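Asks: Starting off with a structure, shown below.
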Amino acid sequence: MTAHNRWLRRVAEDPGHSQWYIKRFRDLAAEGADLVGEARLVDTMVPRGARILDAGCGPGRVGGHLFRLGHEVTGVDIDPELIAAAVADHPGPHWLVGDLSELALSEPPFDAVVCAGNVMTFAAPDTRVEILRRFAGHLAPTGRAAIGFGAGRDYSFDEFLADVTTAGLTPDLLLSTWDLRPFTPDADFLVALLRHP
């Protein structure tokens, strides 16, 4: 299912894209930019020492921070270069190369799944429901998933919410930012907190 993944297509068109992305976030971190807003939100959703899946973890900024806060973190990304950067920059979590539409971890269920950085919009459209199903299958009965992405990326919020229902999850809370601003019809970003029905 990886053939139509938009991230892999971009990397194929520009082989230096992954390294550019890694450098971008390393530079932002060196400048003192706040890169952990998503992690702060997820940290409020779980008790200390929770099991967290960072789905589409990229170079590890979210999962790395959650690990430093005392959580048990597994990060999965389709791009081996991003995983190599996560291992180098954020030691501790369990970093894995993998396709989220084929996610089949043997680990116990997770207390939370975080999927930040527009990951869902990079997934091949015909894999999005399956990715959400895989999240549901890896989520503990009382766990929640936090998924965020921007508008204008060929995946409308209404379509996403329909896919959420199809995948067997239900919205718990919809926000327009990772810093808890309410979702409105004209919002240009969605952070959806999802749970089992």
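In the structure tokens, chains take the letters A, B, ... in the order shown, each chain's residues start at 1, and ligands count up from 1 in the order shown.
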Excluding Pro15 of chain A and its own-chain neighbours fewer than 6 positions away, which residues fall within 12 Å of it when counting only C-alpha atoms? Please give them as a list in words.
Replies: Trp7, Leu8, Arg9, Tyr21, Asp79 and Glu81 of chain A
Asks: Can you pull out every residue within 10 Å of segment 125-136 of chain A, counting only C-alpha atoms, but drop anything in the same chain fewer than 5 positions away, and send it as a short mmCIF file (atom, residue, chain, number, x, y, z; two decimals) with N, CA and C atoms, in the first residue's frame?
Replies:
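Saved result, result.cif, follows:
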data_model
loop_
_atom_site.label_atom_id
_atom_site.label_comp_id
_atom_site.auth_asym_id
_atom_site.auth_seq_id
_atom_site.Cartn_x
_atom_site.Cartn_y
_atom_site.Cartn_z
N MET A 1 0.82 -1.21 0.00
CA MET A 1 0.00 0.00 0.00
C MET A 1 0.86 1.27 0.00
N THR A 2 2.17 1.10 0.08
CA THR A 2 3.04 2.27 0.18
C THR A 2 3.22 3.00 -1.14
N HIS A 4 1.38 4.59 -3.21
CA HIS A 4 0.69 5.86 -3.43
C HIS A 4 0.85 6.81 -2.25
N ASN A 5 1.71 6.48 -1.31
CA ASN A 5 1.94 7.35 -0.17
C ASN A 5 2.57 8.66 -0.67
N ARG A 6 1.96 9.76 -0.30
CA ARG A 6 2.39 11.06 -0.83
C ARG A 6 3.76 11.48 -0.31
N LEU A 53 1.77 5.60 21.33
CA LEU A 53 2.20 5.34 19.96
C LEU A 53 2.28 6.68 19.23
N ALA A 55 2.48 7.90 15.84
CA ALA A 55 2.20 7.36 14.52
C ALA A 55 2.56 8.37 13.45
N ASP A 99 4.76 1.05 7.70
CA ASP A 99 3.63 1.67 7.01
C ASP A 99 2.43 1.62 7.97
N LEU A 100 1.85 2.77 8.28
CA LEU A 100 0.74 2.81 9.24
C LEU A 100 -0.47 2.03 8.76
N SER A 101 -0.62 1.86 7.44
CA SER A 101 -1.76 1.09 6.93
C SER A 101 -1.56 -0.40 7.11
N GLU A 102 -0.36 -0.81 7.53
CA GLU A 102 -0.06 -2.23 7.77
C GLU A 102 0.38 -2.45 9.21
N LEU A 103 0.11 -1.49 10.07
CA LEU A 103 0.56 -1.52 11.46
C LEU A 103 0.02 -2.75 12.17
N ALA A 104 0.94 -3.56 12.69
CA ALA A 104 0.55 -4.78 13.40
C ALA A 104 1.59 -5.05 14.49
N LEU A 105 1.60 -4.20 15.50
CA LEU A 105 2.57 -4.33 16.58
C LEU A 105 2.12 -5.41 17.56
N PRO A 109 -1.80 -2.91 24.13
CA PRO A 109 -2.49 -1.72 23.61
C PRO A 109 -1.89 -0.43 24.19
N PHE A 110 -2.06 0.64 23.46
CA PHE A 110 -1.53 1.94 23.86
C PHE A 110 -2.60 2.77 24.56
N ALA A 112 -2.52 5.99 24.42
CA ALA A 112 -2.77 7.10 23.50
C ALA A 112 -2.04 6.85 22.19
N VAL A 113 -2.63 7.34 21.13
CA VAL A 113 -1.99 7.39 19.82
C VAL A 113 -1.95 8.86 19.45
N VAL A 114 -0.78 9.35 19.04
CA VAL A 114 -0.67 10.71 18.54
C VAL A 114 -0.21 10.63 17.08
N CYS A 115 -0.91 11.39 16.26
CA CYS A 115 -0.61 11.43 14.83
C CYS A 115 -0.63 12.91 14.42
N MET A 120 -1.82 12.23 8.22
CA MET A 120 -2.97 11.63 7.54
C MET A 120 -3.14 12.15 6.12
N PRO A 141 -8.90 0.03 25.55
CA PRO A 141 -10.34 0.32 25.59
C PRO A 141 -10.67 1.74 26.06
N GLY A 143 -8.38 4.23 25.93
CA GLY A 143 -7.39 5.11 25.33
C GLY A 143 -8.01 6.09 24.35
N ARG A 144 -7.22 7.08 23.96
CA ARG A 144 -7.68 8.06 22.99
C ARG A 144 -6.58 8.34 21.97
N ALA A 145 -7.00 8.70 20.78
CA ALA A 145 -6.08 9.09 19.72
C ALA A 145 -6.20 10.59 19.49
N ILE A 147 -5.26 13.27 16.61
CA ILE A 147 -4.85 13.38 15.21
C ILE A 147 -5.04 14.81 14.75
N ASP A 154 -6.28 18.22 0.39
CA ASP A 154 -7.00 17.16 -0.31
C ASP A 154 -7.58 16.10 0.64
N TYR A 155 -7.91 16.52 1.86
CA TYR A 155 -8.58 15.62 2.81
C TYR A 155 -9.44 16.51 3.69
N PHE A 160 -12.64 13.20 6.71
CA PHE A 160 -11.89 12.56 7.79
C PHE A 160 -12.84 12.03 8.88
N ALA A 162 -15.95 11.24 8.65
CA ALA A 162 -16.69 10.08 8.12
C ALA A 162 -15.81 8.84 8.16
N ASP A 163 -14.53 8.99 7.83
CA ASP A 163 -13.59 7.86 7.89
C ASP A 163 -13.40 7.38 9.32
N VAL A 164 -13.39 8.31 10.26
CA VAL A 164 -13.28 7.95 11.68
C VAL A 164 -14.42 7.01 12.08
N THR A 165 -15.63 7.36 11.69
CA THR A 165 -16.79 6.53 12.00
C THR A 165 -16.68 5.16 11.33
N THR A 166 -16.30 5.16 10.07
CA THR A 166 -16.14 3.90 9.33
C THR A 166 -15.11 3.00 10.00
N ALA A 167 -14.07 3.61 10.55
CA ALA A 167 -12.98 2.85 11.17
C ALA A 167 -13.33 2.36 12.57
N GLY A 168 -14.48 2.75 13.10
CA GLY A 168 -14.89 2.25 14.41
C GLY A 168 -14.47 3.11 15.58
N LEU A 169 -14.15 4.37 15.31
CA LEU A 169 -13.83 5.31 16.38
C LEU A 169 -14.89 6.40 16.41
N LEU A 194 -10.03 11.21 19.57
CA LEU A 194 -10.93 10.10 19.24
C LEU A 194 -10.86 9.01 20.29
N ARG A 195 -11.97 8.26 20.41
CA ARG A 195 -12.02 7.15 21.36
C ARG A 195 -12.84 6.03 20.76
N HIS A 196 -12.81 4.90 21.43
CA HIS A 196 -13.71 3.80 21.06
C HIS A 196 -15.13 4.22 21.42
#
Asks: Would you please work out which residue, of A:Ala116, A:Val62, A:Ile52, A:Ala33, is nearest to His90 of chain A when using only C-alpha atoms?
Replies: A:Val62
Asks: If you run DSSP on the backbone, which residues of chain A are helix (DSSP H, G or I), as an MDAnalysis selection string?
Replies: chainID A and resid 2:4 6:13 17:30 37:45 61:68 80:89 100:102 119:122 125:138 157:166
Asks: Enter the distance from atom CA of Phe67 of chain A to atom CA of His17 of chain A, in Å, rounded to one decimal.
Replies: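 Interatomic distance, atom CA of Phe67 of chain A to atom CA of His17 of chain A: 26.6 Å.
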Asks: Output as a ChimeraX atom specification all residues of chain A that backbone DSSP marks as strand (DSSP E).
Replies: /A:51-55,72-77,94-97,110-115,139-150,170-175,189-195
Asks: Just to confirm, what's the straight-line distance from atom CA of Val76 of chain A to atom CA of Val36 of chain A in Å (one decimal)?
Replies: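 These two atoms are separated by 17.6 Å.
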Asks: With a distance cut-off of 12 Å and only C-alpha atoms, select the neighbouring residues of Ser156 of chain A, excluding the residue or stretch itself and same-chain residues fewer than 2 positions from it, and output the selection as a CSV table (one decimal) with all heavy atoms, in the first residue's frame.
Replies:
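Result saved to part37.csv:
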chain,number,residue,atom,x,y,z
A,120,MET,N,-1.8,12.2,8.2
A,120,MET,CA,-3.0,11.6,7.5
A,120,MET,C,-3.1,12.2,6.1
A,120,MET,O,-3.6,11.4,5.3
A,120,MET,CB,-4.3,11.9,8.3
A,120,MET,CG,-4.4,11.1,9.6
A,120,MET,SD,-4.3,9.3,9.5
A,120,MET,CE,-5.7,9.0,8.5
A,121,THR,N,-2.7,13.4,5.8
A,121,THR,CA,-2.8,13.9,4.5
A,121,THR,C,-1.7,13.4,3.6
A,121,THR,O,-1.9,13.5,2.3
A,121,THR,CB,-2.8,15.4,4.5
A,121,THR,OG1,-1.5,15.9,4.9
A,121,THR,CG2,-3.9,16.0,5.4
A,125,PRO,N,-4.9,8.1,-0.2
A,125,PRO,CA,-6.3,8.2,0.2
A,125,PRO,C,-7.0,6.9,0.4
A,125,PRO,O,-7.8,6.8,1.3
A,125,PRO,CB,-6.9,9.0,-1.0
A,125,PRO,CG,-5.8,9.8,-1.5
A,125,PRO,CD,-4.6,9.0,-1.3
A,149,PHE,N,-4.3,17.8,11.5
A,149,PHE,CA,-3.8,18.2,10.2
A,149,PHE,C,-4.5,19.4,9.7
A,149,PHE,O,-5.6,19.8,10.2
A,149,PHE,CB,-4.0,17.0,9.2
A,149,PHE,CG,-5.4,16.6,8.9
A,149,PHE,CD1,-6.1,17.1,7.9
A,149,PHE,CD2,-6.1,15.7,9.8
A,149,PHE,CE1,-7.4,16.7,7.6
A,149,PHE,CE2,-7.4,15.3,9.5
A,149,PHE,CZ,-8.1,15.8,8.4
A,150,GLY,N,-3.9,20.0,8.7
A,150,GLY,CA,-4.4,21.3,8.2
A,150,GLY,C,-5.4,21.1,7.1
A,150,GLY,O,-5.4,20.1,6.4
A,151,ALA,N,-6.2,22.2,6.8
A,151,ALA,CA,-7.1,22.2,5.7
A,151,ALA,C,-6.3,22.4,4.4
A,151,ALA,O,-5.2,22.8,4.4
A,151,ALA,CB,-8.1,23.3,5.9
A,152,GLY,N,-7.0,22.2,3.3
A,152,GLY,CA,-6.4,22.5,2.0
A,152,GLY,C,-5.4,21.5,1.6
A,152,GLY,O,-4.5,21.8,0.8
A,153,ARG,N,-5.5,20.3,2.1
A,153,ARG,CA,-4.5,19.2,1.7
A,153,ARG,C,-5.2,18.0,1.1
A,153,ARG,O,-4.8,16.9,1.3
A,153,ARG,CB,-3.8,18.8,3.0
A,153,ARG,CG,-2.9,19.9,3.6
A,153,ARG,CD,-2.2,19.5,4.9
A,153,ARG,NE,-1.3,20.5,5.3
A,153,ARG,CZ,0.0,20.5,5.0
A,153,ARG,NH1,0.5,19.5,4.3
A,153,ARG,NH2,0.8,21.4,5.4
A,154,ASP,N,-6.3,18.2,0.4
A,154,ASP,CA,-7.0,17.2,-0.3
A,154,ASP,C,-7.6,16.1,0.6
A,154,ASP,O,-7.7,14.9,0.3
A,154,ASP,CB,-6.1,16.5,-1.4
A,154,ASP,CG,-5.7,17.4,-2.5
A,154,ASP,OD1,-6.5,18.3,-2.9
A,154,ASP,OD2,-4.5,17.4,-2.9
A,158,ASP,N,-14.6,17.0,7.0
A,158,ASP,CA,-15.9,16.1,7.0
A,158,ASP,C,-15.5,14.7,6.5
A,158,ASP,O,-16.1,13.7,7.0
A,158,ASP,CB,-16.9,16.8,6.1
A,158,ASP,CG,-17.6,18.0,6.7
A,158,ASP,OD1,-17.4,18.2,7.9
A,158,ASP,OD2,-18.2,18.8,6.0
A,159,GLU,N,-14.7,14.6,5.5
A,159,GLU,CA,-14.3,13.3,5.0
A,159,GLU,C,-13.6,12.5,6.0
A,159,GLU,O,-13.8,11.3,6.2
A,159,GLU,CB,-13.4,13.5,3.7
A,159,GLU,CG,-13.1,12.2,3.0
A,159,GLU,CD,-12.2,12.4,1.8
A,159,GLU,OE1,-11.8,13.5,1.5
A,159,GLU,OE2,-11.8,11.4,1.2
A,160,PHE,N,-12.6,13.2,6.7
A,160,PHE,CA,-11.9,12.6,7.8
A,160,PHE,C,-12.8,12.0,8.9
A,160,PHE,O,-12.7,10.9,9.3
A,160,PHE,CB,-10.9,13.5,8.4
A,160,PHE,CG,-10.3,13.1,9.7
A,160,PHE,CD1,-9.3,12.1,9.7
A,160,PHE,CD2,-10.7,13.6,10.9
A,160,PHE,CE1,-8.8,11.6,10.9
A,160,PHE,CE2,-10.2,13.2,12.1
A,160,PHE,CZ,-9.2,12.2,12.1
A,161,LEU,N,-13.8,12.9,9.3
A,161,LEU,CA,-14.7,12.4,10.4
A,161,LEU,C,-15.6,11.3,9.9
A,161,LEU,O,-15.9,10.4,10.7
A,161,LEU,CB,-15.5,13.6,10.8
A,161,LEU,CG,-14.7,14.7,11.6
A,161,LEU,CD1,-15.5,16.0,11.8
A,161,LEU,CD2,-14.1,14.2,12.9
A,162,ALA,N,-15.9,11.2,8.6
A,162,ALA,CA,-16.7,10.1,8.1
A,162,ALA,C,-15.8,8.8,8.2
A,162,ALA,O,-16.3,7.7,8.5
A,162,ALA,CB,-17.2,10.4,6.7
A,163,ASP,N,-14.5,9.0,7.8
A,163,ASP,CA,-13.6,7.9,7.9
A,163,ASP,C,-13.4,7.4,9.3
A,163,ASP,O,-13.3,6.2,9.6
A,163,ASP,CB,-12.2,8.3,7.3
A,163,ASP,CG,-12.3,8.4,5.8
A,163,ASP,OD1,-13.3,8.0,5.1
A,163,ASP,OD2,-11.3,8.9,5.2
A,185,PRO,N,-16.5,26.0,12.3
A,185,PRO,CA,-16.7,25.6,10.9
A,185,PRO,C,-15.7,26.3,9.9
A,185,PRO,O,-15.4,25.7,8.9
A,185,PRO,CB,-18.1,26.1,10.6
A,185,PRO,CG,-18.8,26.2,11.9
A,185,PRO,CD,-17.7,26.5,12.9
A,187,ALA,N,-12.4,26.8,10.7
A,187,ALA,CA,-11.1,26.5,11.2
A,187,ALA,C,-10.2,26.0,10.0
A,187,ALA,O,-10.7,25.3,9.2
A,187,ALA,CB,-11.1,25.5,12.3
A,188,ASP,N,-9.0,26.4,10.0
A,188,ASP,CA,-8.1,25.9,9.0
A,188,ASP,C,-7.2,24.7,9.5
A,188,ASP,O,-6.2,24.3,8.8
A,188,ASP,CB,-7.2,27.0,8.4
A,188,ASP,CG,-6.3,27.7,9.4
A,188,ASP,OD1,-6.3,27.3,10.6
A,188,ASP,OD2,-5.7,28.7,9.0
A,189,PHE,N,-7.5,24.3,10.7
A,189,PHE,CA,-6.7,23.1,11.3
A,189,PHE,C,-7.7,22.3,12.1
A,189,PHE,O,-8.6,22.9,12.7
A,189,PHE,CB,-5.5,23.6,12.1
A,189,PHE,CG,-4.4,22.6,12.3
A,189,PHE,CD1,-3.4,22.4,11.3
A,189,PHE,CD2,-4.4,21.8,13.4
A,189,PHE,CE1,-2.5,21.4,11.5
A,189,PHE,CE2,-3.5,20.8,13.6
A,189,PHE,CZ,-2.5,20.6,12.6
A,190,LEU,N,-7.5,21.0,12.2
A,190,LEU,CA,-8.3,20.2,13.1
A,190,LEU,C,-7.4,19.3,13.9
A,190,LEU,O,-6.4,18.7,13.5
A,190,LEU,CB,-9.2,19.2,12.2
A,190,LEU,CG,-9.9,18.1,12.9
A,190,LEU,CD1,-11.0,18.7,13.9
A,190,LEU,CD2,-10.5,17.2,11.9
